[in-house]
Amino acid sequence: MSGASFPLAPGAVIGILGGGQLGRMLAMAAARLGFDVAVLDPEPDAPAKRLAAHRLTGGYDDSFELSKLAAIADVITFEFENVPAQAIAILEGLGAPVAPCGRALAIAQDRLAEKTFLNEAGAPTVAFADVNGAADIVAALERLGRPLLLKSRRGGYDGKGQVWVELTGEAADAFAAIGAQPAIVESPADFRRELSVIAARGRDGEIALYPVAENHHEGGILRRTVAPAKVTAKTLAQAERIAATLLAALDYVGVIGIELFERDDGRLLVNEFAPRVHNSGHWTLDGCEVDQFEQHIRAVAGWPLGPTHAIARVEMTNLIGEEANDWARLAAEPETRVWLYGKDEARAGRKMGHVNRLSPLR
Ligand code: AMP
């Protein structure tokens with residue numbers, strides 16, 4: 001670490017906790033701006049490591065590897081939100097600048113803290129209640145109505161650790177089904193569409209928002225994103241207000257992904273936020289002048305943010321499991337950009353790549 005002063009000059013080293021596809025695409029963007037990256041991941045051959053000047057292998061609680069990372073990197077960021085908050089505390093204790101801040105990560109890791117924070121910040125969510133046992137579910141069914149969606153507070157993603165509860169008699173089994181761990185219950189969002197907004201905040205507090213994207217899930221996993229989504233001026237204004245509120249309340253630096261429910265009356269509710277680049281922002285790689293990955297690198301490095309307007313309409317489709325084996329056919333499609341993550345094992349449900357299908361803006 002060079003006692004970093006911002007903006008970081010080209011040649012500086014960006015540390016990344018996590019070596020998956022998001023880290024890989026961050027590494028590509030960093031290279032484009034003349035930075036090197038140092039990647040820490042438990043997997044020796046993680047996708048981002050193939051592009052990294054410095055490869056560190058160890059758990060995120062490995063204080064020796066964390067101290068090596070702090071010594072090499074001028075700024076440290078993360079590509080997934082299950083990095084233990086303790087790792088960020090260790091890095092900060094070593095004087096390494098970390099962005100986004102550990103507080104944003106800690107809030108996003110706990111659905112109860114997240115929903116509480118969102119409501120306190122003035123960002124609307126569905127009604128929810130704290131659950132520490134079946135009795136809390138029964139009480140919530142009385143108070144909030146039914147059905148309710150039971151979600152573990154921690155560790156759940158892509159719809160994992162979630163179960164609907166309709167009847168009082170189902171409460172005990174539902175709590176057992178999510179592993180009898182601290183949880184929340186939520187009212188149904190009654191949404192007509194799932195939208196997301198990818199936003200960024202620079203070190204100087206400047207904010208940039210990408211056009212709103214429309215997302216389609218299958219089996220709890222993002223399947224398709226269409227962007228820019230057709231939204232009314234009122235919806236856009238709500239999305240902008242929500243993003244600006246969260247970024248300021250978190251004193252955030254970097255890119256954030258905010259998942260939204262659009263209700264029939266046009267009201268937006270926040271489902272959750274990811275303190276990192278986001279799958280529903282992959283369309284920006286080919287649809288915007290400066291994509292979310294470069295934007296994140298710019299923000300954490302203290303550079304000015306880049307333009308976020310769309311230059312094409314994009315339909316992004318995730319390639320899940322064996323779908324990525326179709327690369328030759330996909331690469332032959334006109335106006336289709338293929339992004340593959342370099343993962344060798346195409347396990348079911350694993351995100352192996354994505355395609356961006358481009359068409360002119362209307
Ligand atoms: P999450 O893990 O919170 O991102 O939820 C995964 C998916 O489950 C979301 O993208 C929605 O499709 C659905 N979902 C989550 N929360 C709710 C809710 N309160 N009501 C209805 N559907 C939900």
# chains A, B, ... in the order shown; residues from 1 in each chain; ligands from 1
call {"tool": "residues_around", "arguments": {"residues": "segment 38-55 of chain A", "least_positions_apart": "5", "cutoff": "6 Å", "atoms": "only C-alpha atoms", "output": "VMD selection string"}}
result
chain A and resid 15 to 20 23 to 24 342
call {"tool": "closest_atom_pairs", "arguments": {"of": "chain A", "to": "ligand 1", "cutoff": "10 Å", "atoms": "only C-alpha atoms and all ligand atoms", "output": "CSV"}}
result
residue,atom,partner,partner_atom_place_in_ligand_line,distance
A:Arg111,CA,ligand 1,3 (O),8.3
A:Thr125,CA,ligand 1,19 (N),8.6
A:Val126,CA,ligand 1,19 (N),6.2
A:Ala127,CA,ligand 1,19 (N),8.3
A:Phe128,CA,ligand 1,19 (N),8.5
A:Pro147,CA,ligand 1,20 (N),9.6
A:Leu148,CA,ligand 1,19 (N),7.6
A:Leu149,CA,ligand 1,19 (N),6.1
A:Leu150,CA,ligand 1,19 (N),8.9
A:Lys151,CA,ligand 1,3 (O),7.7
A:Ser152,CA,ligand 1,2 (O),9.4
A:Gly155,CA,ligand 1,2 (O),9.6
A:Gly156,CA,ligand 1,2 (O),6.2
A:Tyr157,CA,ligand 1,2 (O),4.8
A:Asp158,CA,ligand 1,2 (O),5.2
A:Gly159,CA,ligand 1,6 (C),4.3
A:Lys160,CA,ligand 1,2 (O),6.8
A:Gly161,CA,ligand 1,2 (O),8.2
A:Gln162,CA,ligand 1,2 (O),7.6
A:Val163,CA,ligand 1,8 (O),9.8
A:Trp164,CA,ligand 1,20 (N),9.3
A:Val185,CA,ligand 1,19 (N),8.2
A:Glu186,CA,ligand 1,19 (N),5.0
A:Ser187,CA,ligand 1,19 (N),5.2
A:Pro188,CA,ligand 1,20 (N),3.6
A:Ala189,CA,ligand 1,20 (N),3.8
A:Asp190,CA,ligand 1,21 (C),6.2
A:Phe191,CA,ligand 1,21 (C),7.2
A:Arg193,CA,ligand 1,12 (O),9.1
A:Glu194,CA,ligand 1,10 (O),7.0
A:Leu195,CA,ligand 1,10 (O),9.3
A:Asn215,CA,ligand 1,10 (O),8.3
A:His216,CA,ligand 1,12 (O),8.0
A:His217,CA,ligand 1,12 (O),6.2
A:Glu218,CA,ligand 1,12 (O),8.3
A:Gly219,CA,ligand 1,7 (C),8.5
A:Gly220,CA,ligand 1,7 (C),5.2
A:Ile221,CA,ligand 1,6 (C),7.4
A:Leu222,CA,ligand 1,10 (O),7.6
A:Glu259,CA,ligand 1,4 (O),7.4
A:Leu260,CA,ligand 1,10 (O),8.6
A:Phe261,CA,ligand 1,11 (C),8.1
A:Leu269,CA,ligand 1,19 (N),9.7
A:Val270,CA,ligand 1,16 (N),9.7
A:Asn271,CA,ligand 1,3 (O),6.0
A:Glu272,CA,ligand 1,3 (O),6.3
A:Phe273,CA,ligand 1,4 (O),8.7
A:Ala274,CA,ligand 1,4 (O),9.6
call {"tool": "write_last_selection", "arguments": {"atoms": "N, CA and C atoms", "output": "compact mmCIF listing (two decimals), in the first residue's frame"}}
result
# COMPACT_ATOMS: atom_id res chain seq x y z
N ARG A 111 -31.03 -9.25 6.53
CA ARG A 111 -32.30 -8.73 5.98
C ARG A 111 -33.07 -7.87 6.98
N THR A 125 -40.56 -0.32 1.86
CA THR A 125 -40.43 -1.77 1.65
C THR A 125 -41.79 -2.41 1.97
N VAL A 126 -41.89 -3.71 1.73
CA VAL A 126 -43.08 -4.43 2.22
C VAL A 126 -43.04 -4.42 3.75
N ALA A 127 -44.21 -4.72 4.36
CA ALA A 127 -44.24 -4.87 5.82
C ALA A 127 -43.47 -6.13 6.19
N PHE A 128 -42.79 -6.10 7.33
CA PHE A 128 -41.97 -7.25 7.72
C PHE A 128 -41.97 -7.36 9.24
N PRO A 147 -50.68 -14.74 2.87
CA PRO A 147 -49.50 -15.46 3.34
C PRO A 147 -48.35 -14.50 3.66
N LEU A 148 -47.30 -15.07 4.23
CA LEU A 148 -46.07 -14.30 4.48
C LEU A 148 -44.89 -15.10 3.92
N LEU A 149 -43.87 -14.39 3.50
CA LEU A 149 -42.66 -15.05 2.98
C LEU A 149 -41.60 -15.04 4.09
N LEU A 150 -41.22 -16.26 4.50
CA LEU A 150 -40.20 -16.40 5.55
C LEU A 150 -38.83 -16.46 4.89
N LYS A 151 -37.93 -15.58 5.30
CA LYS A 151 -36.57 -15.53 4.72
C LYS A 151 -35.56 -15.55 5.85
N SER A 152 -34.50 -16.35 5.70
CA SER A 152 -33.44 -16.30 6.70
C SER A 152 -32.83 -14.90 6.69
N GLY A 155 -27.32 -14.96 4.69
CA GLY A 155 -26.83 -16.05 3.84
C GLY A 155 -27.74 -16.44 2.69
N GLY A 156 -28.96 -15.94 2.64
CA GLY A 156 -29.85 -16.33 1.55
C GLY A 156 -29.57 -15.51 0.30
N TYR A 157 -29.57 -16.14 -0.84
CA TYR A 157 -29.49 -15.40 -2.09
C TYR A 157 -30.15 -16.25 -3.17
N ASP A 158 -30.47 -15.62 -4.29
CA ASP A 158 -31.13 -16.31 -5.40
C ASP A 158 -32.31 -17.17 -4.90
N GLY A 159 -33.08 -16.62 -3.97
CA GLY A 159 -34.30 -17.30 -3.52
C GLY A 159 -34.06 -18.45 -2.55
N LYS A 160 -32.79 -18.68 -2.15
CA LYS A 160 -32.52 -19.78 -1.22
C LYS A 160 -32.88 -19.33 0.20
N GLY A 161 -33.26 -20.29 1.04
CA GLY A 161 -33.59 -19.97 2.43
C GLY A 161 -34.89 -19.18 2.53
N GLN A 162 -35.87 -19.47 1.62
CA GLN A 162 -37.14 -18.74 1.64
C GLN A 162 -38.30 -19.71 1.51
N VAL A 163 -39.36 -19.48 2.28
CA VAL A 163 -40.54 -20.34 2.15
C VAL A 163 -41.81 -19.55 2.51
N TRP A 164 -42.86 -19.76 1.71
CA TRP A 164 -44.14 -19.10 1.98
C TRP A 164 -44.87 -19.82 3.11
N VAL A 185 -40.21 -12.33 8.36
CA VAL A 185 -41.31 -12.62 7.45
C VAL A 185 -41.69 -11.33 6.75
N GLU A 186 -42.10 -11.47 5.50
CA GLU A 186 -42.49 -10.30 4.69
C GLU A 186 -43.88 -10.51 4.11
N SER A 187 -44.61 -9.41 3.99
CA SER A 187 -45.88 -9.45 3.25
C SER A 187 -45.58 -9.63 1.77
N PRO A 188 -46.53 -10.20 1.02
CA PRO A 188 -46.32 -10.32 -0.43
C PRO A 188 -46.19 -8.94 -1.07
N ALA A 189 -45.28 -8.82 -2.00
CA ALA A 189 -45.03 -7.50 -2.59
C ALA A 189 -46.10 -7.11 -3.60
N ASP A 190 -46.88 -8.09 -4.11
CA ASP A 190 -47.92 -7.80 -5.12
C ASP A 190 -47.38 -6.93 -6.23
N PHE A 191 -46.32 -7.37 -6.82
CA PHE A 191 -45.70 -6.52 -7.85
C PHE A 191 -46.15 -6.90 -9.24
N ARG A 193 -44.04 -5.83 -11.82
CA ARG A 193 -42.73 -6.02 -12.46
C ARG A 193 -41.65 -5.93 -11.41
N GLU A 194 -40.53 -6.60 -11.69
CA GLU A 194 -39.34 -6.39 -10.88
C GLU A 194 -38.39 -5.51 -11.67
N LEU A 195 -37.98 -4.45 -11.04
CA LEU A 195 -37.07 -3.49 -11.67
C LEU A 195 -35.81 -3.41 -10.82
N ASN A 215 -36.39 -6.87 -14.73
CA ASN A 215 -35.77 -8.18 -14.48
C ASN A 215 -36.80 -9.30 -14.41
N HIS A 216 -36.41 -10.44 -14.96
CA HIS A 216 -37.27 -11.63 -14.94
C HIS A 216 -36.51 -12.76 -14.28
N HIS A 217 -37.12 -13.35 -13.26
CA HIS A 217 -36.47 -14.44 -12.52
C HIS A 217 -37.11 -15.77 -12.86
N GLU A 218 -36.33 -16.82 -12.75
CA GLU A 218 -36.85 -18.18 -12.87
C GLU A 218 -36.24 -18.99 -11.74
N GLY A 219 -37.11 -19.63 -10.96
CA GLY A 219 -36.62 -20.44 -9.84
C GLY A 219 -35.74 -19.64 -8.90
N GLY A 220 -36.08 -18.35 -8.71
CA GLY A 220 -35.34 -17.51 -7.78
C GLY A 220 -34.04 -16.96 -8.33
N ILE A 221 -33.70 -17.32 -9.59
CA ILE A 221 -32.44 -16.84 -10.18
C ILE A 221 -32.76 -15.85 -11.30
N LEU A 222 -31.98 -14.79 -11.39
CA LEU A 222 -32.19 -13.83 -12.49
C LEU A 222 -31.94 -14.55 -13.81
N GLU A 259 -32.68 -3.51 -5.89
CA GLU A 259 -33.76 -4.31 -6.48
C GLU A 259 -35.09 -3.75 -6.02
N LEU A 260 -35.99 -3.54 -6.98
CA LEU A 260 -37.26 -2.86 -6.71
C LEU A 260 -38.45 -3.69 -7.16
N PHE A 261 -39.56 -3.54 -6.47
CA PHE A 261 -40.83 -4.08 -6.92
C PHE A 261 -41.67 -2.90 -7.41
N LEU A 269 -41.29 -0.31 -4.30
CA LEU A 269 -40.83 -0.76 -2.99
C LEU A 269 -39.42 -1.31 -3.19
N VAL A 270 -38.57 -1.13 -2.21
CA VAL A 270 -37.22 -1.71 -2.31
C VAL A 270 -37.27 -3.13 -1.78
N ASN A 271 -36.77 -4.09 -2.56
CA ASN A 271 -36.63 -5.46 -2.06
C ASN A 271 -35.34 -5.55 -1.25
N GLU A 272 -34.24 -5.26 -1.92
CA GLU A 272 -32.96 -5.29 -1.21
C GLU A 272 -31.93 -4.53 -2.02
N PHE A 273 -30.79 -4.28 -1.41
CA PHE A 273 -29.70 -3.68 -2.18
C PHE A 273 -28.46 -4.53 -2.06
N ALA A 274 -27.64 -4.50 -3.10
CA ALA A 274 -26.38 -5.23 -3.09
C ALA A 274 -25.26 -4.20 -3.14
call {"tool": "select_by_dssp", "arguments": {"residues": "segment 11-159 of chain A", "states": "strand (DSSP E or B)", "output": "list in words"}}
result
Val13, Ile14, Gly15, Ile16, Leu17, Asp36, Val37, Ala38, Val39, Leu40, Asp41, His54, Arg55, Leu56, Thr57, Val75, Ile76, Thr77, Phe78, Val98, Phe128, Ala129, Asp130, Val131, Leu148, Leu149, Leu150, Lys151 and Ser152 of chain A
call {"tool": "residues_around", "arguments": {"residues": "Pro100 of chain A", "least_positions_apart": "2", "cutoff": "9 Å", "atoms": "only C-alpha atoms", "output": "list in words"}}
result
Ile76, Thr77, Phe78, Val98, Gly102, Arg103, Ala104, Leu105, Leu250, Asp251, Tyr252, Val253, Gly254, Val255, Ile256, Pro275, Arg276 and Val300 of chain A
call {"tool": "write_last_selection", "arguments": {"atoms": "N, CA and C atoms", "output": "PDB file, in the first residue's frame"}}
result
ATOM      1  N   ILE A  76      -9.245  -1.269  -1.482  1.00  0.00           N
ATOM      2  CA  ILE A  76      -9.793  -2.633  -1.501  1.00  0.00           C
ATOM      3  C   ILE A  76     -11.311  -2.564  -1.636  1.00  0.00           C
ATOM      4  N   THR A  77     -11.840  -3.420  -2.511  1.00  0.00           N
ATOM      5  CA  THR A  77     -13.282  -3.492  -2.684  1.00  0.00           C
ATOM      6  C   THR A  77     -13.697  -4.959  -2.611  1.00  0.00           C
ATOM      7  N   PHE A  78     -14.990  -5.233  -2.768  1.00  0.00           N
ATOM      8  CA  PHE A  78     -15.446  -6.628  -2.695  1.00  0.00           C
ATOM      9  C   PHE A  78     -16.472  -6.866  -3.778  1.00  0.00           C
ATOM     10  N   VAL A  98     -11.113   0.873   2.337  1.00  0.00           N
ATOM     11  CA  VAL A  98     -12.060  -0.103   1.791  1.00  0.00           C
ATOM     12  C   VAL A  98     -13.278   0.658   1.282  1.00  0.00           C
ATOM     13  N   GLY A 102     -17.618  -0.757   5.254  1.00  0.00           N
ATOM     14  CA  GLY A 102     -18.064  -1.965   5.947  1.00  0.00           C
ATOM     15  C   GLY A 102     -19.496  -1.863   6.435  1.00  0.00           C
ATOM     16  N   ARG A 103     -19.953  -0.652   6.721  1.00  0.00           N
ATOM     17  CA  ARG A 103     -21.318  -0.494   7.239  1.00  0.00           C
ATOM     18  C   ARG A 103     -22.349  -0.915   6.177  1.00  0.00           C
ATOM     19  N   ALA A 104     -22.115  -0.499   4.921  1.00  0.00           N
ATOM     20  CA  ALA A 104     -23.044  -0.875   3.839  1.00  0.00           C
ATOM     21  C   ALA A 104     -23.088  -2.389   3.711  1.00  0.00           C
ATOM     22  N   LEU A 105     -21.925  -3.025   3.822  1.00  0.00           N
ATOM     23  CA  LEU A 105     -21.839  -4.482   3.709  1.00  0.00           C
ATOM     24  C   LEU A 105     -22.593  -5.138   4.866  1.00  0.00           C
ATOM     25  N   LEU A 250     -25.722   6.028   3.332  1.00  0.00           N
ATOM     26  CA  LEU A 250     -24.628   5.081   3.577  1.00  0.00           C
ATOM     27  C   LEU A 250     -23.256   5.735   3.388  1.00  0.00           C
ATOM     28  N   ASP A 251     -23.245   7.002   3.017  1.00  0.00           N
ATOM     29  CA  ASP A 251     -21.995   7.693   2.657  1.00  0.00           C
ATOM     30  C   ASP A 251     -21.167   6.784   1.732  1.00  0.00           C
ATOM     31  N   TYR A 252     -21.839   6.341   0.694  1.00  0.00           N
ATOM     32  CA  TYR A 252     -21.396   5.227  -0.145  1.00  0.00           C
ATOM     33  C   TYR A 252     -20.364   5.671  -1.171  1.00  0.00           C
ATOM     34  N   VAL A 253     -19.406   4.802  -1.436  1.00  0.00           N
ATOM     35  CA  VAL A 253     -18.476   5.004  -2.558  1.00  0.00           C
ATOM     36  C   VAL A 253     -18.442   3.718  -3.382  1.00  0.00           C
ATOM     37  N   GLY A 254     -18.829   3.816  -4.659  1.00  0.00           N
ATOM     38  CA  GLY A 254     -18.835   2.645  -5.533  1.00  0.00           C
ATOM     39  C   GLY A 254     -20.183   2.475  -6.195  1.00  0.00           C
ATOM     40  N   VAL A 255     -20.358   1.304  -6.813  1.00  0.00           N
ATOM     41  CA  VAL A 255     -21.624   0.977  -7.479  1.00  0.00           C
ATOM     42  C   VAL A 255     -22.497   0.180  -6.521  1.00  0.00           C
ATOM     43  N   ILE A 256     -23.788   0.463  -6.566  1.00  0.00           N
ATOM     44  CA  ILE A 256     -24.770  -0.259  -5.752  1.00  0.00           C
ATOM     45  C   ILE A 256     -25.866  -0.778  -6.680  1.00  0.00           C
ATOM     46  N   PRO A 275     -24.345  -4.218  -2.156  1.00  0.00           N
ATOM     47  CA  PRO A 275     -23.304  -3.174  -2.100  1.00  0.00           C
ATOM     48  C   PRO A 275     -22.136  -3.512  -3.028  1.00  0.00           C
ATOM     49  N   ARG A 276     -22.472  -3.651  -4.305  1.00  0.00           N
ATOM     50  CA  ARG A 276     -21.477  -4.114  -5.281  1.00  0.00           C
ATOM     51  C   ARG A 276     -22.080  -3.979  -6.664  1.00  0.00           C
ATOM     52  N   VAL A 300     -14.167   3.890  -6.743  1.00  0.00           N
ATOM     53  CA  VAL A 300     -13.307   3.532  -5.606  1.00  0.00           C
ATOM     54  C   VAL A 300     -11.912   4.127  -5.757  1.00  0.00           C
TER      55      VAL A 300
END
call {"tool": "residues_around", "arguments": {"residues": "Leu236 of chain A", "least_positions_apart": "5", "cutoff": "9 Å", "atoms": "only C-alpha atoms", "output": "ChimeraX atom specification"}}
result
/A:211-212,231,241
call {"tool": "atom_distance", "arguments": {"atom1": "atom CA of Leu319 of chain A", "atom2": "atom CA of Tyr341 of chain A"}}
result
10.0 Å
call {"tool": "select_by_dssp", "arguments": {"residues": "segment 89-186 of chain A", "states": "alpha helix (DSSP H)", "output": "PyMOL selection string"}}
result
chain A and resi 89-93+102-108+111-121+134-144+171-177
call {"tool": "write_last_selection", "arguments": {"atoms": "C-alpha atoms", "output": "JSON list (two decimals), in the first residue's frame"}}
result
[["chain", "number", "residue", "atom", "x", "y", "z"],
["A", 89, "ALA", "CA", -12.64, -4.49, 10.08],
["A", 90, "ILE", "CA", -9.21, -6.21, 9.87],
["A", 91, "LEU", "CA", -8.37, -4.42, 6.62],
["A", 92, "GLU", "CA", -9.50, -1.06, 7.97],
["A", 93, "GLY", "CA", -7.50, -1.75, 11.14],
["A", 102, "GLY", "CA", -18.06, -1.97, 5.95],
["A", 103, "ARG", "CA", -21.32, -0.49, 7.24],
["A", 104, "ALA", "CA", -23.04, -0.87, 3.84],
["A", 105, "LEU", "CA", -21.84, -4.48, 3.71],
["A", 106, "ALA", "CA", -22.97, -5.26, 7.27],
["A", 107, "ILE", "CA", -26.45, -3.84, 6.65],
["A", 108, "ALA", "CA", -26.87, -5.71, 3.34],
["A", 111, "ARG", "CA", -32.30, -8.73, 5.98],
["A", 112, "LEU", "CA", -33.68, -7.37, 9.27],
["A", 113, "ALA", "CA", -31.02, -4.64, 9.51],
["A", 114, "GLU", "CA", -31.46, -3.90, 5.81],
["A", 115, "LYS", "CA", -35.25, -3.47, 5.86],
["A", 116, "THR", "CA", -35.04, -1.47, 9.10],
["A", 117, "PHE", "CA", -32.37, 0.78, 7.59],
["A", 118, "LEU", "CA", -34.35, 1.23, 4.35],
["A", 119, "ASN", "CA", -37.48, 2.31, 6.20],
["A", 120, "GLU", "CA", -35.55, 4.65, 8.49],
["A", 121, "ALA", "CA", -33.88, 6.22, 5.47],
["A", 134, "ALA", "CA", -42.36, -20.41, 15.11],
["A", 135, "ALA", "CA", -44.33, -18.31, 17.64],
["A", 136, "ASP", "CA", -43.11, -15.11, 15.96],
["A", 137, "ILE", "CA", -44.42, -16.40, 12.62],
["A", 138, "VAL", "CA", -47.83, -17.14, 14.15],
["A", 139, "ALA", "CA", -47.95, -13.66, 15.70],
["A", 140, "ALA", "CA", -46.98, -12.07, 12.37],
["A", 141, "LEU", "CA", -49.67, -14.01, 10.48],
["A", 142, "GLU", "CA", -52.19, -12.42, 12.87],
["A", 143, "ARG", "CA", -50.73, -8.94, 12.66],
["A", 144, "LEU", "CA", -49.63, -8.63, 8.98],
["A", 171, "ALA", "CA", -45.17, -22.15, 11.09],
["A", 172, "ALA", "CA", -43.04, -24.78, 12.85],
["A", 173, "ASP", "CA", -42.24, -26.73, 9.66],
["A", 174, "ALA", "CA", -41.44, -23.52, 7.77],
["A", 175, "PHE", "CA", -39.04, -22.38, 10.48],
["A", 176, "ALA", "CA", -37.36, -25.82, 10.42],
["A", 177, "ALA", "CA", -37.20, -25.70, 6.59]]
call {"tool": "closest_residue", "arguments": {"among": "A:Ala248, A:Leu305, A:Ala31, A:Cys101", "to": "Ala87 of chain A", "atoms": "only C-alpha atoms"}}
result
A:Cys101
call {"tool": "closest_residue", "arguments": {"among": "A:Gly202, A:Leu330, A:Ile178, A:Lys351", "to": "Ala99 of chain A", "atoms": "only C-alpha atoms"}}
result
A:Gly202
call {"tool": "atom_distance", "arguments": {"atom1": "atom CA of Gly122 of chain A", "atom2": "atom CA of Leu246 of chain A"}}
result
8.8 Å
call {"tool": "residues_around", "arguments": {"residues": "Gly281 of chain A", "least_positions_apart": "4", "cutoff": "12 Å", "atoms": "only C-alpha atoms", "output": "PyMOL selection string"}}
result
chain A and resi 22+25+195-200+209-215+222+224-228+255-259+274+276-277+285-288+290-296+308+310+314-318+354+356
call {"tool": "atom_distance", "arguments": {"atom1": "atom CA of Asp204 of chain A", "atom2": "atom CA of Ala249 of chain A"}}
result
14.6 Å
call {"tool": "decode", "arguments": {"residues": "segment 183-190 of chain A", "atoms": "all heavy atoms", "output": "PDB file, in the first residue's frame"}}
result
ATOM      1  N   ALA A 183     -34.653 -15.005  11.339  1.00  0.00           N
ATOM      2  CA  ALA A 183     -35.290 -14.788  10.037  1.00  0.00           C
ATOM      3  C   ALA A 183     -36.180 -13.558  10.095  1.00  0.00           C
ATOM      4  O   ALA A 183     -36.306 -12.914  11.144  1.00  0.00           O
ATOM      5  CB  ALA A 183     -36.112 -16.027   9.681  1.00  0.00           C
ATOM      6  N   ILE A 184     -36.777 -13.251   8.949  1.00  0.00           N
ATOM      7  CA  ILE A 184     -37.862 -12.273   8.933  1.00  0.00           C
ATOM      8  C   ILE A 184     -39.022 -12.872   8.145  1.00  0.00           C
ATOM      9  O   ILE A 184     -38.823 -13.819   7.376  1.00  0.00           O
ATOM     10  CB  ILE A 184     -37.461 -10.911   8.296  1.00  0.00           C
ATOM     11  CG1 ILE A 184     -37.037 -11.070   6.834  1.00  0.00           C
ATOM     12  CG2 ILE A 184     -36.372 -10.225   9.086  1.00  0.00           C
ATOM     13  CD1 ILE A 184     -36.905  -9.728   6.102  1.00  0.00           C
ATOM     14  N   VAL A 185     -40.207 -12.326   8.357  1.00  0.00           N
ATOM     15  CA  VAL A 185     -41.314 -12.618   7.448  1.00  0.00           C
ATOM     16  C   VAL A 185     -41.688 -11.326   6.750  1.00  0.00           C
ATOM     17  O   VAL A 185     -41.598 -10.242   7.329  1.00  0.00           O
ATOM     18  CB  VAL A 185     -42.563 -13.205   8.141  1.00  0.00           C
ATOM     19  CG1 VAL A 185     -42.420 -14.686   8.381  1.00  0.00           C
ATOM     20  CG2 VAL A 185     -42.888 -12.459   9.413  1.00  0.00           C
ATOM     21  N   GLU A 186     -42.104 -11.469   5.495  1.00  0.00           N
ATOM     22  CA  GLU A 186     -42.489 -10.304   4.694  1.00  0.00           C
ATOM     23  C   GLU A 186     -43.881 -10.506   4.113  1.00  0.00           C
ATOM     24  O   GLU A 186     -44.239 -11.625   3.727  1.00  0.00           O
ATOM     25  CB  GLU A 186     -41.550 -10.149   3.494  1.00  0.00           C
ATOM     26  CG  GLU A 186     -40.121  -9.858   3.840  1.00  0.00           C
ATOM     27  CD  GLU A 186     -39.264  -9.659   2.581  1.00  0.00           C
ATOM     28  OE1 GLU A 186     -39.803  -9.652   1.452  1.00  0.00           O
ATOM     29  OE2 GLU A 186     -38.059  -9.536   2.742  1.00  0.00           O
ATOM     30  N   SER A 187     -44.612  -9.408   3.986  1.00  0.00           N
ATOM     31  CA  SER A 187     -45.880  -9.449   3.249  1.00  0.00           C
ATOM     32  C   SER A 187     -45.583  -9.629   1.771  1.00  0.00           C
ATOM     33  O   SER A 187     -44.518  -9.223   1.295  1.00  0.00           O
ATOM     34  CB  SER A 187     -46.637  -8.133   3.440  1.00  0.00           C
ATOM     35  OG  SER A 187     -47.036  -8.014   4.773  1.00  0.00           O
ATOM     36  N   PRO A 188     -46.529 -10.198   1.015  1.00  0.00           N
ATOM     37  CA  PRO A 188     -46.319 -10.322  -0.433  1.00  0.00           C
ATOM     38  C   PRO A 188     -46.187  -8.939  -1.066  1.00  0.00           C
ATOM     39  O   PRO A 188     -46.901  -8.012  -0.681  1.00  0.00           O
ATOM     40  CB  PRO A 188     -47.595 -11.006  -0.938  1.00  0.00           C
ATOM     41  CG  PRO A 188     -48.363 -11.420   0.250  1.00  0.00           C
ATOM     42  CD  PRO A 188     -47.819 -10.715   1.451  1.00  0.00           C
ATOM     43  N   ALA A 189     -45.278  -8.823  -2.004  1.00  0.00           N
ATOM     44  CA  ALA A 189     -45.033  -7.499  -2.587  1.00  0.00           C
ATOM     45  C   ALA A 189     -46.098  -7.113  -3.603  1.00  0.00           C
ATOM     46  O   ALA A 189     -46.239  -5.939  -3.937  1.00  0.00           O
ATOM     47  CB  ALA A 189     -43.648  -7.477  -3.243  1.00  0.00           C
ATOM     48  N   ASP A 190     -46.876  -8.094  -4.112  1.00  0.00           N
ATOM     49  CA  ASP A 190     -47.916  -7.804  -5.119  1.00  0.00           C
ATOM     50  C   ASP A 190     -47.379  -6.925  -6.232  1.00  0.00           C
ATOM     51  O   ASP A 190     -47.961  -5.885  -6.544  1.00  0.00           O
ATOM     52  CB  ASP A 190     -49.117  -7.095  -4.451  1.00  0.00           C
ATOM     53  CG  ASP A 190     -49.948  -8.082  -3.661  1.00  0.00           C
ATOM     54  OD1 ASP A 190     -49.877  -9.281  -3.981  1.00  0.00           O
ATOM     55  OD2 ASP A 190     -50.633  -7.646  -2.720  1.00  0.00           O
TER      56      ASP A 190
END
